[in-house]
Structure formats: structure tokens, C-alpha cells
file input.pdb (PDB, C-alpha atoms)
MODEL        1
ATOM      1  CA  MET A1171      -5.432  95.550 -44.232
ATOM      2  CA  LYS A1172      -2.440  93.567 -45.454
ATOM      3  CA  TYR A1173      -0.526  91.221 -43.170
ATOM      4  CA  ASP A1174       2.743  89.333 -43.548
ATOM      5  CA  ALA A1175       2.349  85.767 -42.409
ATOM      6  CA  GLU A1176       5.161  83.448 -41.442
ATOM      7  CA  VAL A1177       4.472  79.773 -40.754
ATOM      8  CA  ARG A1178       7.229  77.805 -38.991
ATOM      9  CA  ILE A1179       6.732  74.080 -39.464
ATOM     10  CA  SER A1180       8.670  71.639 -37.314
ATOM     11  CA  LEU A1181       8.450  67.938 -36.617
ATOM     12  CA  LYS A1182       6.639  66.981 -33.416
ATOM     13  CA  LYS A1183       8.837  66.285 -30.427
ATOM     14  CA  GLY A1184      10.289  62.786 -30.557
ATOM     15  CA  MET A1185       9.812  62.442 -34.325
ATOM     16  CA  LEU A1186      12.852  61.175 -36.166
ATOM     17  CA  ASN A1187      14.407  63.889 -38.383
ATOM     18  CA  PRO A1188      16.752  62.145 -40.879
ATOM     19  CA  GLU A1189      17.628  65.444 -42.600
ATOM     20  CA  ALA A1190      18.803  66.929 -39.290
ATOM     21  CA  SER A1191      20.752  63.866 -38.164
ATOM     22  CA  THR A1192      22.485  63.619 -41.567
ATOM     23  CA  THR A1193      23.382  67.325 -41.357
ATOM     24  CA  GLN A1194      24.729  66.851 -37.831
ATOM     25  CA  ARG A1195      26.911  63.929 -38.960
ATOM     26  CA  ALA A1196      28.172  66.011 -41.904
ATOM     27  CA  LEU A1197      29.080  68.863 -39.534
ATOM     28  CA  ALA A1198      31.030  66.344 -37.450
ATOM     29  CA  LEU A1199      32.986  65.378 -40.585
ATOM     30  CA  LEU A1200      34.149  68.998 -40.718
ATOM     31  CA  GLY A1201      35.119  68.834 -37.060
ATOM     32  CA  TYR A1202      32.093  70.657 -35.639
ATOM     33  CA  GLU A1203      30.671  68.672 -32.732
ATOM     34  CA  VAL A1204      27.096  69.885 -32.284
ATOM     35  CA  GLU A1205      23.982  68.335 -30.796
ATOM     36  CA  GLY A1206      20.219  68.701 -31.007
ATOM     37  CA  THR A1207      20.215  69.597 -34.721
ATOM     38  CA  ALA A1208      16.754  70.318 -36.100
ATOM     39  CA  THR A1209      15.397  71.512 -39.424
ATOM     40  CA  ILE A1210      12.429  73.854 -39.602
ATOM     41  CA  LYS A1211      10.497  74.847 -42.707
ATOM     42  CA  ILE A1212       9.329  78.451 -43.024
ATOM     43  CA  ILE A1213       6.593  79.474 -45.460
ATOM     44  CA  LYS A1214       5.993  83.215 -45.904
ATOM     45  CA  PHE A1215       3.300  85.160 -47.728
ATOM     46  CA  THR A1216       1.188  88.308 -47.557
ATOM     47  CA  LEU A1217      -2.596  88.229 -47.224
ATOM     48  CA  GLU A1218      -5.434  90.674 -46.931
ATOM     49  CA  GLU A1219      -7.812  90.470 -43.954
ATOM     50  CA  GLU A1220      -9.964  92.746 -41.820
ATOM     51  CA  ASP A1221      -7.854  92.303 -38.704
ATOM     52  CA  GLU A1222      -4.978  90.312 -37.286
ATOM     53  CA  LYS A1223      -7.239  87.781 -35.573
ATOM     54  CA  LEU A1224      -9.006  86.885 -38.825
ATOM     55  CA  ALA A1225      -5.674  86.703 -40.661
ATOM     56  CA  ARG A1226      -4.373  84.277 -38.048
ATOM     57  CA  GLU A1227      -7.507  82.142 -38.297
ATOM     58  CA  GLU A1228      -7.202  81.948 -42.061
ATOM     59  CA  VAL A1229      -3.519  80.966 -41.910
ATOM     60  CA  ASP A1230      -4.344  78.350 -39.268
ATOM     61  CA  ASP A1231      -6.894  76.915 -41.685
ATOM     62  CA  MET A1232      -4.229  76.788 -44.431
ATOM     63  CA  CYS A1233      -1.922  74.904 -42.056
ATOM     64  CA  GLN A1234      -4.572  72.328 -41.225
ATOM     65  CA  ARG A1235      -5.639  71.801 -44.811
ATOM     66  CA  LEU A1236      -2.365  71.882 -46.747
ATOM     67  CA  LEU A1237       0.783  73.386 -45.279
ATOM     68  CA  CYS A1238       1.216  70.876 -42.430
ATOM     69  CA  ASN A1239       0.408  67.274 -41.748
ATOM     70  CA  PRO A1240      -1.035  67.277 -38.214
ATOM     71  CA  VAL A1241       0.082  63.647 -37.718
ATOM     72  CA  ILE A1242       3.765  64.639 -37.655
ATOM     73  CA  HIS A1243       4.025  68.443 -37.548
ATOM     74  CA  ASP A1244       3.809  71.282 -35.034
ATOM     75  CA  TYR A1245       3.460  74.775 -36.424
ATOM     76  CA  GLU A1246       3.763  78.346 -35.261
ATOM     77  CA  ILE A1247       2.131  81.318 -36.978
ATOM     78  CA  ASN A1248       3.491  84.870 -36.911
ATOM     79  CA  ILE A1249       1.316  87.691 -38.227
ATOM     80  CA  THR A1250       2.630  91.247 -38.621
ATOM     81  CA  PRO A1251       1.205  94.301 -40.431
ATOM     82  CA  SER A1252       2.650  94.350 -43.945
ATOM     83  CA  ASN A1253       4.661  97.167 -45.503
ATOM     84  CA  LEU A1254       3.565  96.079 -48.973
TER
ATOM     85  CA  MET B 856     -13.920  45.771 -64.666
ATOM     86  CA  LYS B 857     -13.221  49.386 -65.626
ATOM     87  CA  VAL B 858     -10.263  50.747 -63.675
ATOM     88  CA  GLY B 859      -9.286  54.422 -63.654
ATOM     89  CA  ILE B 860      -5.565  55.217 -63.386
ATOM     90  CA  ILE B 861      -5.084  58.715 -61.987
ATOM     91  CA  ARG B 862      -2.426  60.911 -63.578
ATOM     92  CA  PHE B 863      -0.945  63.992 -61.924
ATOM     93  CA  PRO B 864       1.882  66.129 -63.298
ATOM     94  CA  GLY B 865       4.867  64.028 -62.207
ATOM     95  CA  SER B 866       3.112  60.645 -62.059
ATOM     96  CA  ASN B 867       5.067  57.621 -63.239
ATOM     97  CA  CYS B 868       4.468  53.890 -63.636
ATOM     98  CA  ASP B 869       0.978  54.804 -64.869
ATOM     99  CA  ARG B 870       1.640  52.888 -68.099
ATOM    100  CA  ASP B 871       3.115  49.979 -66.149
ATOM    101  CA  VAL B 872      -0.089  49.835 -64.080
ATOM    102  CA  PHE B 873      -2.125  49.990 -67.323
ATOM    103  CA  HIS B 874      -0.151  47.026 -68.697
ATOM    104  CA  ALA B 875      -0.441  44.997 -65.489
ATOM    105  CA  LEU B 876      -4.202  45.615 -65.329
ATOM    106  CA  LYS B 877      -4.541  44.434 -68.943
ATOM    107  CA  ILE B 878      -2.696  41.200 -68.153
ATOM    108  CA  ALA B 879      -4.923  40.764 -65.106
ATOM    109  CA  GLY B 880      -8.010  41.007 -67.317
ATOM    110  CA  GLY B 881      -9.147  44.535 -66.444
ATOM    111  CA  GLU B 882     -10.172  47.450 -68.664
ATOM    112  CA  PRO B 883      -7.886  50.297 -67.621
ATOM    113  CA  ASP B 884      -8.145  53.912 -68.693
ATOM    114  CA  TYR B 885      -6.285  57.075 -67.705
ATOM    115  CA  VAL B 886      -7.847  59.895 -65.710
ATOM    116  CA  TRP B 887      -6.322  63.374 -65.425
ATOM    117  CA  TRP B 888      -6.031  65.102 -62.022
ATOM    118  CA  ASN B 889      -8.751  67.686 -62.766
ATOM    119  CA  GLN B 890     -11.526  65.184 -63.542
ATOM    120  CA  LYS B 891     -14.091  65.115 -60.751
ATOM    121  CA  ASP B 892     -16.581  62.558 -62.056
ATOM    122  CA  LEU B 893     -15.234  59.005 -61.832
ATOM    123  CA  SER B 894     -18.662  57.331 -61.761
ATOM    124  CA  ASN B 895     -18.000  55.232 -64.883
ATOM    125  CA  PHE B 896     -15.190  53.359 -63.108
ATOM    126  CA  ASP B 897     -15.463  50.242 -60.917
ATOM    127  CA  ALA B 898     -12.098  50.769 -59.238
ATOM    128  CA  ILE B 899      -9.236  53.279 -59.042
ATOM    129  CA  VAL B 900      -5.435  53.020 -58.959
ATOM    130  CA  ILE B 901      -3.250  55.976 -57.982
ATOM    131  CA  PRO B 902       0.195  55.144 -59.388
ATOM    132  CA  GLY B 903       3.637  56.190 -58.205
ATOM    133  CA  GLY B 904       5.842  59.101 -59.133
ATOM    134  CA  PHE B 905       6.575  62.545 -57.796
ATOM    135  CA  SER B 906       3.317  64.432 -58.192
ATOM    136  CA  TYR B 907       3.875  68.200 -58.107
ATOM    137  CA  GLY B 908       7.578  67.614 -57.499
ATOM    138  CA  ASP B 909       6.902  66.316 -53.970
ATOM    139  CA  TYR B 910       6.648  69.998 -52.939
ATOM    140  CA  LEU B 911       5.624  70.611 -49.299
ATOM    141  CA  ARG B 912       5.485  66.840 -48.647
ATOM    142  CA  ALA B 913       5.125  63.865 -50.981
ATOM    143  CA  GLY B 914       1.452  63.716 -51.964
ATOM    144  CA  ALA B 915       0.414  66.939 -50.196
ATOM    145  CA  ILE B 916      -0.553  68.970 -53.256
ATOM    146  CA  ALA B 917      -2.146  66.047 -55.121
ATOM    147  CA  SER B 918      -4.328  65.494 -52.034
ATOM    148  CA  ILE B 919      -6.302  68.703 -52.672
ATOM    149  CA  THR B 920      -6.943  68.254 -56.425
ATOM    150  CA  PRO B 921     -10.479  67.795 -57.904
ATOM    151  CA  VAL B 922      -9.928  64.103 -58.706
ATOM    152  CA  ILE B 923      -9.726  63.409 -54.951
ATOM    153  CA  ASP B 924     -13.410  64.426 -54.634
ATOM    154  CA  GLY B 925     -14.157  61.815 -57.307
ATOM    155  CA  ILE B 926     -12.186  59.207 -55.361
ATOM    156  CA  LYS B 927     -14.152  60.037 -52.200
ATOM    157  CA  GLU B 928     -17.349  59.284 -54.158
ATOM    158  CA  ILE B 929     -15.858  55.962 -55.357
ATOM    159  CA  VAL B 930     -15.108  55.160 -51.709
ATOM    160  CA  LYS B 931     -18.727  55.916 -50.729
ATOM    161  CA  GLU B 932     -19.861  53.447 -53.394
ATOM    162  CA  GLU B 933     -17.609  50.807 -51.781
ATOM    163  CA  LYS B 934     -15.423  50.351 -54.864
ATOM    164  CA  PRO B 935     -11.761  49.408 -54.364
ATOM    165  CA  VAL B 936      -8.974  52.031 -54.426
ATOM    166  CA  LEU B 937      -5.273  51.156 -54.580
ATOM    167  CA  GLY B 938      -2.468  53.677 -54.009
ATOM    168  CA  ILE B 939       1.050  52.632 -55.002
ATOM    169  CA  CYS B 940       4.144  54.508 -53.748
ATOM    170  CA  ASN B 941       3.289  58.183 -54.383
ATOM    171  CA  GLY B 942      -0.333  56.991 -54.603
ATOM    172  CA  ALA B 943       0.031  55.567 -51.089
ATOM    173  CA  GLN B 944       1.483  58.871 -49.849
ATOM    174  CA  ILE B 945      -1.469  60.707 -51.433
ATOM    175  CA  LEU B 946      -4.058  58.416 -49.779
ATOM    176  CA  ALA B 947      -2.347  59.011 -46.409
ATOM    177  CA  GLU B 948      -2.286  62.798 -46.973
ATOM    178  CA  VAL B 949      -6.004  62.771 -47.818
ATOM    179  CA  GLY B 950      -6.617  60.725 -44.673
ATOM    180  CA  LEU B 951      -8.253  57.809 -46.507
ATOM    181  CA  VAL B 952      -5.717  55.487 -44.858
ATOM    182  CA  PRO B 953      -4.265  56.076 -41.373
ATOM    183  CA  GLY B 954      -0.737  57.343 -40.613
ATOM    184  CA  VAL B 955       1.890  58.903 -42.879
ATOM    185  CA  PHE B 956       4.726  57.792 -45.134
ATOM    186  CA  THR B 957       7.592  60.167 -44.368
ATOM    187  CA  ASN B 958      11.368  60.513 -44.949
ATOM    188  CA  ASN B 959      13.317  57.257 -44.828
ATOM    189  CA  GLU B 960      15.318  56.755 -41.645
ATOM    190  CA  ASN B 961      18.673  56.975 -43.459
ATOM    191  CA  ALA B 962      17.522  59.953 -45.607
ATOM    192  CA  LYS B 963      18.262  58.006 -48.798
ATOM    193  CA  PHE B 964      16.215  57.181 -51.864
ATOM    194  CA  ILE B 965      16.109  53.388 -51.727
ATOM    195  CA  CYS B 966      15.442  51.506 -54.964
ATOM    196  CA  LYS B 967      15.748  47.727 -54.772
ATOM    197  CA  GLN B 968      13.980  44.392 -54.799
ATOM    198  CA  VAL B 969      12.645  43.493 -51.329
ATOM    199  CA  GLU B 970      10.978  40.554 -49.635
ATOM    200  CA  LEU B 971       7.566  41.338 -48.217
ATOM    201  CA  LYS B 972       5.078  39.527 -46.046
ATOM    202  CA  VAL B 973       1.373  39.695 -46.910
ATOM    203  CA  ALA B 974       0.059  40.499 -43.431
ATOM    204  CA  SER B 975      -3.625  40.670 -44.333
ATOM    205  CA  THR B 976      -5.654  39.051 -47.104
ATOM    206  CA  ARG B 977      -8.865  40.951 -46.362
ATOM    207  CA  THR B 978      -8.345  43.580 -49.093
ATOM    208  CA  PRO B 979      -9.394  42.840 -52.699
ATOM    209  CA  PHE B 980      -5.754  43.374 -53.726
ATOM    210  CA  THR B 981      -4.325  40.776 -51.366
ATOM    211  CA  SER B 982      -7.247  38.321 -51.492
ATOM    212  CA  MET B 983      -5.416  35.943 -53.853
ATOM    213  CA  TYR B 984      -2.364  35.566 -51.589
ATOM    214  CA  LYS B 985      -2.045  33.316 -48.566
ATOM    215  CA  LYS B 986      -1.780  35.084 -45.211
ATOM    216  CA  ASN B 987       1.890  35.539 -44.276
ATOM    217  CA  GLU B 988       2.977  34.591 -47.821
ATOM    218  CA  ILE B 989       6.417  36.006 -48.676
ATOM    219  CA  ILE B 990       6.521  37.851 -51.996
ATOM    220  CA  ASN B 991       9.192  39.723 -53.921
ATOM    221  CA  MET B 992       8.595  43.240 -55.300
ATOM    222  CA  PRO B 993      10.676  46.401 -55.808
ATOM    223  CA  MET B 994      10.568  49.447 -53.558
ATOM    224  CA  ALA B 995      11.630  52.868 -54.883
ATOM    225  CA  HIS B 996      11.138  55.822 -52.553
ATOM    226  CA  ALA B 997      12.731  58.404 -50.283
ATOM    227  CA  GLU B 998       9.585  59.071 -48.240
ATOM    228  CA  GLY B 999       8.209  55.688 -47.273
ATOM    229  CA  ARG B1000       8.870  55.336 -43.553
ATOM    230  CA  TYR B1001       5.504  54.472 -42.094
ATOM    231  CA  TYR B1002       4.578  56.367 -38.929
ATOM    232  CA  ASN B1003       1.368  56.192 -36.945
ATOM    233  CA  GLU B1004       0.776  57.233 -33.332
ATOM    234  CA  GLU B1005      -2.188  54.878 -33.048
ATOM    235  CA  ILE B1006      -0.579  51.687 -34.257
ATOM    236  CA  GLU B1007      -2.640  49.495 -31.879
ATOM    237  CA  LYS B1008      -5.784  50.416 -33.808
ATOM    238  CA  LEU B1009      -4.241  48.930 -36.947
ATOM    239  CA  HIS B1010      -3.644  45.638 -35.157
ATOM    240  CA  ASP B1011      -7.145  45.591 -33.668
ATOM    241  CA  GLN B1012      -8.803  46.225 -37.026
ATOM    242  CA  ASP B1013      -6.546  44.099 -39.259
ATOM    243  CA  GLN B1014      -5.336  47.127 -41.232
ATOM    244  CA  ILE B1015      -1.695  46.104 -41.717
ATOM    245  CA  VAL B1016      -1.458  44.734 -45.271
ATOM    246  CA  LEU B1017       2.254  44.497 -46.154
ATOM    247  CA  LYS B1018       5.419  44.313 -44.052
ATOM    248  CA  PHE B1019       9.079  44.201 -44.962
ATOM    249  CA  GLU B1020      10.468  40.724 -44.335
ATOM    250  CA  GLY B1021      13.992  40.123 -43.030
ATOM    251  CA  GLU B1022      15.143  43.751 -43.023
ATOM    252  CA  ASN B1023      13.422  47.082 -42.464
ATOM    253  CA  PRO B1024      15.161  49.254 -45.089
ATOM    254  CA  ASN B1025      13.440  52.597 -44.404
ATOM    255  CA  GLY B1026      12.856  52.382 -40.634
ATOM    256  CA  SER B1027       9.068  51.997 -40.855
ATOM    257  CA  MET B1028       7.165  51.355 -37.616
ATOM    258  CA  GLU B1029       6.953  47.577 -37.208
ATOM    259  CA  ALA B1030       8.355  47.305 -40.767
ATOM    260  CA  ILE B1031       4.898  48.228 -42.105
ATOM    261  CA  THR B1032       4.850  49.211 -45.782
ATOM    262  CA  GLY B1033       1.196  48.728 -46.703
ATOM    263  CA  VAL B1034      -2.001  49.616 -44.828
ATOM    264  CA  CYS B1035      -5.723  49.732 -45.549
ATOM    265  CA  ASP B1036      -8.723  51.647 -44.225
ATOM    266  CA  GLU B1037     -11.246  50.095 -41.819
ATOM    267  CA  THR B1038     -13.242  48.517 -44.657
ATOM    268  CA  GLY B1039     -10.196  47.025 -46.398
ATOM    269  CA  LEU B1040     -11.313  48.526 -49.729
ATOM    270  CA  ILE B1041      -8.768  51.381 -49.723
ATOM    271  CA  CYS B1042      -5.225  50.097 -49.743
ATOM    272  CA  ALA B1043      -1.914  52.028 -49.739
ATOM    273  CA  VAL B1044       1.342  50.183 -50.480
ATOM    274  CA  MET B1045       4.824  51.643 -50.919
ATOM    275  CA  PRO B1046       6.365  48.777 -52.972
ATOM    276  CA  HIS B1047       5.457  48.475 -56.655
ATOM    277  CA  PRO B1048       3.318  45.430 -57.613
ATOM    278  CA  GLU B1049       3.154  46.635 -61.248
ATOM    279  CA  ARG B1050       6.939  46.448 -61.503
ATOM    280  CA  ALA B1051       6.701  42.786 -60.503
ATOM    281  CA  SER B1052       3.856  41.677 -62.726
ATOM    282  CA  GLU B1053       5.691  39.558 -65.329
ATOM    283  CA  MET B1054       8.660  37.196 -65.081
ATOM    284  CA  VAL B1055      10.531  39.297 -67.638
ATOM    285  CA  LEU B1056      10.723  41.941 -64.881
ATOM    286  CA  GLY B1057      12.334  39.476 -62.466
ATOM    287  CA  SER B1058       9.181  38.700 -60.496
ATOM    288  CA  SER B1059       5.494  38.227 -61.185
ATOM    289  CA  ASP B1060       4.545  38.185 -57.496
ATOM    290  CA  GLY B1061       2.751  41.540 -57.792
ATOM    291  CA  LEU B1062       0.271  40.526 -60.489
ATOM    292  CA  LYS B1063      -2.190  39.100 -57.947
ATOM    293  CA  PHE B1064      -2.734  42.643 -56.611
ATOM    294  CA  PHE B1065      -4.366  43.483 -59.955
ATOM    295  CA  LYS B1066      -6.010  40.081 -60.442
ATOM    296  CA  GLY B1067      -7.588  40.354 -57.013
ATOM    297  CA  MET B1068      -8.771  43.870 -57.816
ATOM    298  CA  VAL B1069     -10.223  42.913 -61.209
ATOM    299  CA  ASN B1070     -12.034  39.878 -59.747
ATOM    300  CA  PHE B1071     -13.475  41.843 -56.833
ATOM    301  CA  LYS B1072     -17.247  41.753 -56.549
ATOM    302  CA  SER B1073     -18.909  44.083 -54.080
TER
ENDMDL
END

call {"tool": "encode", "arguments": {"input": "input.pdb", "output": "C-alpha cells"}}
result
Amino acid sequence: MKYDAEVRISLKKGMLNPEASTTQRALALLGYEVEGTATIKIIKFTLEEEDEKLAREEVDDMCQRLLCNPVIHDYEINITPSNL
Amino acid sequence: MKVGIIRFPGSNCDRDVFHALKIAGGEPDYVWWNQKDLSNFDAIVIPGGFSYGDYLRAGAIASITPVIDGIKEIVKEEKPVLGICNGAQILAEVGLVPGVFTNNENAKFICKQVELKVASTRTPFTSMYKKNEIINMPMAHAEGRYYNEEIEKLHDQDQIVLKFEGENPNGSMEAITGVCDETGLICAVMPHPERASEMVLGSSDGLKFFKGMVNFKS
């Protein structure tokens, strides 16, 4: 069975996000006053697994070993049956 | 002393490190990222650069290459390992030194000469300096802000090696810009000692990093 996986990687709460604060200041230059700007990285791919649970476990493993740095990141995994 | 200089696609300053090690009296040689057996080396340097284009995070992809298994063996044999700039980021990604080096506070690539304080002389690389000695070396990075949730541990175990002096250009925790593992044999520094290894470069303060390494006896 093929599954589409989506990993959303964000900085842990309280971590400084210079990319977001720079973006927020740039928006202010254009006259847009916003707050709480954050940047989130999304990595998407399709994988083959027996069931959704196993697919999730495998993607979690990928996050721990490469996609995220557990010292600074939180991540969220979305698994859906693939149309591919 | 035979010193392996690790090269990844995107490494730089590898030839500068080679030159500095020569001046310091070492026998340097280059090692490509896919070499697993490093047993003929007495020490390892991971130079700077932008390995694998800094994709995902600086050092993330280099941290899972075969040469890292070789470095883990070197570590088991209690031989010294130095990571400079991208090399420091790689050592942190592998988990051989604590914490991470992440995006600078002001989101800029900062390239300039900085004053640094040698906070610990227990590593082979800093053994020829005096504790708290102020030295001058260049920094050149966009992802060098040191962050560690367990900073107290570093104090307790004398793992803080280098600190910015006077200013804290990238917003690092406690102005830390160099750390070591618990043994002191694995050292990760963001500034570039090889770019300050001869007076013709404006400073020779960094040469003792390589002299100390070359003269290390386990």
C-alpha cells in the first residue's frame, strides 16, 4: 500500500526564529503590522508500507535520524493513502 | 602525526587546514566522505564549508555519511577530532558534541575578524594557550548561534572551549562558539583557526590549535 507522508517541522516553543522575525519586520516595512510570525518546513514524499501505522513509524524514524534535530525541532507527521 | 582532513561535496578551507597542519609539523592527508576506514590516521579535522549545500540544516546530510562511522571509531580509540565551522555543525548534528549551531540571531552571514577567549585548555587543540587568553581569528557563518538546553552540564564538565569576547555577534548562548565532548578530545569551533595561522593572514593566533593537536600524545 502506498502512502503520502507530510512532515511539518517547526522550531520548539520559545526558540528564536530569525527568519520569521526578519520576515515580520519586512512585512512592517510594507505597512502590514502582524505578530507571531513563524516559519514551518514541510517535507513531502510517498512511501510503500503494509499499513498506516507502520508507515507512520518509519517516517518517525526518518525524522529522528535525519529530517529533524530533536534539540531544536518539533515535528508533526501526516499519513494519507496515496493516489499514486 | 598523520591527520585526516575530511572532504565532503561543498567543503572549503580543506587546503588551508592542510597548509596549517604542515606548518604545525603534522602529516596531513585528504579523506573523501565515502571512506569508512580511518585507522591509519592519528587525528581527524573536519573543515568548514557548505557540505551538501547546507540542505535540511547545516551539517545534517554530512552527519549520515560513511566517513562518520570511521570518525566514531577514531573517537573510540581516543584520538583527537577537530570540527571547524561546518565541521563543528557536523559534529553537533552527529551528537559527538552537545547542543546545536543554528541560524544567527540577526539572520545574516557574518564574516569578520573577532576576539575570542580560550575558556578551556583541557582539549589537545587549546592545550598550548593560557586559560582565558584572548586570541584573534575570523568567523564566517550564517548558522553559528550556539544553543543548548542543558548549558549547566557544560559548565560542570568544563566543556566550553571558546567564547566571543567583547561582543556576541551571532547571539550564541553565553557567547559560546566552541565546545568539546566530555573527554575533551572532540572539539567543535565555529571560528577558523586555519585562517589565522600565519601573520600574512593578519593573525597567527590559530596555529596553536594545530600545534597542540600534532603534539598530542594519548

call {"tool": "resolve_selection", "arguments": {"input": "input.pdb", "expression": "the ChimeraX specification (/B :<12) & /A", "output": "number ranges by chain"}}
result
A: 1179, 1181-1182, 1184-1193, 1195, 1211-1213, 1232-1243

call {"tool": "atom_distance", "arguments": {"input": "input.pdb", "atom1": "atom CA of B:Asn889", "atom2": "atom CA of B:Ala1043"}}
result
21.5 Å

call {"tool": "atom_distance", "arguments": {"input": "input.pdb", "atom1": "atom CA of A:Ala1175", "atom2": "atom CA of B:Gly865"}}
result
29.5 Å

call {"tool": "resolve_selection", "arguments": {"input": "input.pdb", "expression": "the PyMOL selection byres ((chain B and resi 972-975) around 8)", "output": "list in words"}}
result
Glu970, Leu971, Thr976, Arg977, Thr978, Thr981, Tyr984, Lys985, Lys986, Asn987, Glu988, Ile989, Ile990, Asp1013, Gln1014, Ile1015, Val1016, Leu1017, Lys1018, Phe1019 and Glu1020 of chain B

call {"tool": "resolve_selection", "arguments": {"input": "input.pdb", "expression": "the PyMOL selection byres ((chain B and resi 1058) around 12)", "output": "list in words"}}
result
Gln968, Val969, Glu970, Ile990, Asn991, Met992, Pro993, His1047, Pro1048, Glu1049, Arg1050, Ala1051, Ser1052, Glu1053, Met1054, Val1055, Leu1056, Gly1057, Ser1059, Asp1060, Gly1061, Leu1062 and Lys1063 of chain B

call {"tool": "closest_residue", "arguments": {"input": "input.pdb", "among": "B:Gly950, B:Pro864, B:Gly859, B:Pro979", "to": "B:Ile929", "atoms": "only C-alpha atoms"}}
result
B:Gly859

call {"tool": "atom_distance", "arguments": {"input": "input.pdb", "atom1": "atom CA of B:Arg1000", "atom2": "atom CA of B:Leu1040"}}
result
22.2 Å

call {"tool": "residues_near_point", "arguments": {"input": "input.pdb", "point": "(-4.6, 87.9, -49.1)", "cutoff": "8 Å", "atoms": "only C-alpha atoms", "output": "NGL selection string"}}
result
:A and (1172-1173 or 1216-1219)

call {"tool": "residues_around", "arguments": {"input": "input.pdb", "residues": "A:Arg1178", "least_positions_apart": "4", "cutoff": "9 Å", "atoms": "all atoms listed in the file", "output": "PyMOL selection string"}}
result
chain A and resi 1210-1214+1244-1248

call {"tool": "write_last_selection", "arguments": {"input": "input.pdb", "atoms": "C-alpha atoms", "output": "tab-separated table (two decimals), in the frame of the given file"}}
result
chain	number	residue	atom	x	y	z
A	1210	ILE	CA	12.43	73.85	-39.60
A	1211	LYS	CA	10.50	74.85	-42.71
A	1212	ILE	CA	9.33	78.45	-43.02
A	1213	ILE	CA	6.59	79.47	-45.46
A	1214	LYS	CA	5.99	83.22	-45.90
A	1244	ASP	CA	3.81	71.28	-35.03
A	1245	TYR	CA	3.46	74.78	-36.42
A	1246	GLU	CA	3.76	78.35	-35.26
A	1247	ILE	CA	2.13	81.32	-36.98
A	1248	ASN	CA	3.49	84.87	-36.91

call {"tool": "residues_around", "arguments": {"input": "input.pdb", "residues": "B:Pro935", "least_positions_apart": "5", "cutoff": "10 Å", "atoms": "all atoms listed in the file", "output": "VMD selection string"}}
result
chain B and resid 858 897 to 900 926 929 to 930 978 to 980 1038 to 1042 1068 to 1069 1071 to 1073

call {"tool": "residues_near_point", "arguments": {"input": "input.pdb", "point": "(-0.8, 64.7, -54.1)", "cutoff": "8 Å", "atoms": "all atoms listed in the file", "output": "count of residues only"}}
result
17

call {"tool": "closest_residue", "arguments": {"input": "input.pdb", "among": "B:Val952, B:Ile878, B:Leu893, B:Met1045", "to": "B:Asn1025", "atoms": "all atoms listed in the file"}}
result
B:Met1045

call {"tool": "residues_around", "arguments": {"input": "input.pdb", "residues": "A:Glu1220", "least_positions_apart": "3", "cutoff": "12 Å", "atoms": "all atoms listed in the file", "output": "PyMOL selection string"}}
result
chain A and resi 1171-1173+1217+1223-1228+1251

call {"tool": "decode", "arguments": {"input": "input.pdb", "residues": "stretch 1232-1247 of chain A", "atoms": "N, CA and C atoms", "output": "mmCIF file, in the first residue's frame"}}
result
data_model
loop_
_atom_site.group_PDB
_atom_site.id
_atom_site.type_symbol
_atom_site.label_atom_id
_atom_site.label_comp_id
_atom_site.auth_asym_id
_atom_site.auth_seq_id
_atom_site.Cartn_x
_atom_site.Cartn_y
_atom_site.Cartn_z
ATOM 1 N N MET A 1232 12.638 8.394 10.324
ATOM 2 C CA MET A 1232 13.337 9.327 9.413
ATOM 3 C C MET A 1232 13.524 10.689 10.092
ATOM 4 N N CYS A 1233 12.478 11.117 10.805
ATOM 5 C CA CYS A 1233 12.534 12.418 11.490
ATOM 6 C C CYS A 1233 13.638 12.416 12.542
ATOM 7 N N GLN A 1234 13.679 11.338 13.314
ATOM 8 C CA GLN A 1234 14.671 11.254 14.392
ATOM 9 C C GLN A 1234 16.096 11.189 13.854
ATOM 10 N N ARG A 1235 16.250 10.482 12.720
ATOM 11 C CA ARG A 1235 17.603 10.234 12.240
ATOM 12 C C ARG A 1235 18.152 11.291 11.299
ATOM 13 N N LEU A 1236 17.264 12.012 10.590
ATOM 14 C CA LEU A 1236 17.772 12.962 9.594
ATOM 15 C C LEU A 1236 16.948 14.238 9.445
ATOM 16 N N LEU A 1237 15.631 14.076 9.303
ATOM 17 C CA LEU A 1237 14.830 15.235 8.883
ATOM 18 C C LEU A 1237 14.772 16.336 9.928
ATOM 19 N N CYS A 1238 14.839 15.962 11.218
ATOM 20 C CA CYS A 1238 14.743 16.966 12.290
ATOM 21 C C CYS A 1238 15.954 16.872 13.204
ATOM 22 N N ASN A 1239 16.192 17.939 13.922
ATOM 23 C CA ASN A 1239 17.166 17.889 15.004
ATOM 24 C C ASN A 1239 16.381 18.006 16.304
ATOM 25 N N PRO A 1240 16.258 16.903 17.051
ATOM 26 C CA PRO A 1240 15.395 16.892 18.236
ATOM 27 C C PRO A 1240 15.765 17.943 19.293
ATOM 28 N N VAL A 1241 16.981 18.491 19.208
ATOM 29 C CA VAL A 1241 17.379 19.532 20.177
ATOM 30 C C VAL A 1241 16.543 20.801 19.978
ATOM 31 N N ILE A 1242 16.201 21.112 18.721
ATOM 32 C CA ILE A 1242 15.523 22.391 18.466
ATOM 33 C C ILE A 1242 14.159 22.266 17.783
ATOM 34 N N HIS A 1243 13.848 21.077 17.259
ATOM 35 C CA HIS A 1243 12.626 20.957 16.441
ATOM 36 C C HIS A 1243 11.493 20.163 17.092
ATOM 37 N N ASP A 1244 10.256 20.555 16.761
ATOM 38 C CA ASP A 1244 9.072 19.723 16.961
ATOM 39 C C ASP A 1244 8.626 19.307 15.571
ATOM 40 N N TYR A 1245 8.011 18.149 15.458
ATOM 41 C CA TYR A 1245 7.514 17.755 14.140
ATOM 42 C C TYR A 1245 6.175 17.061 14.248
ATOM 43 N N GLU A 1246 5.449 17.113 13.119
ATOM 44 C CA GLU A 1246 4.116 16.550 13.046
ATOM 45 C C GLU A 1246 4.069 15.725 11.760
ATOM 46 N N ILE A 1247 3.554 14.513 11.858
ATOM 47 C CA ILE A 1247 3.522 13.637 10.677
ATOM 48 C C ILE A 1247 2.086 13.418 10.241
#
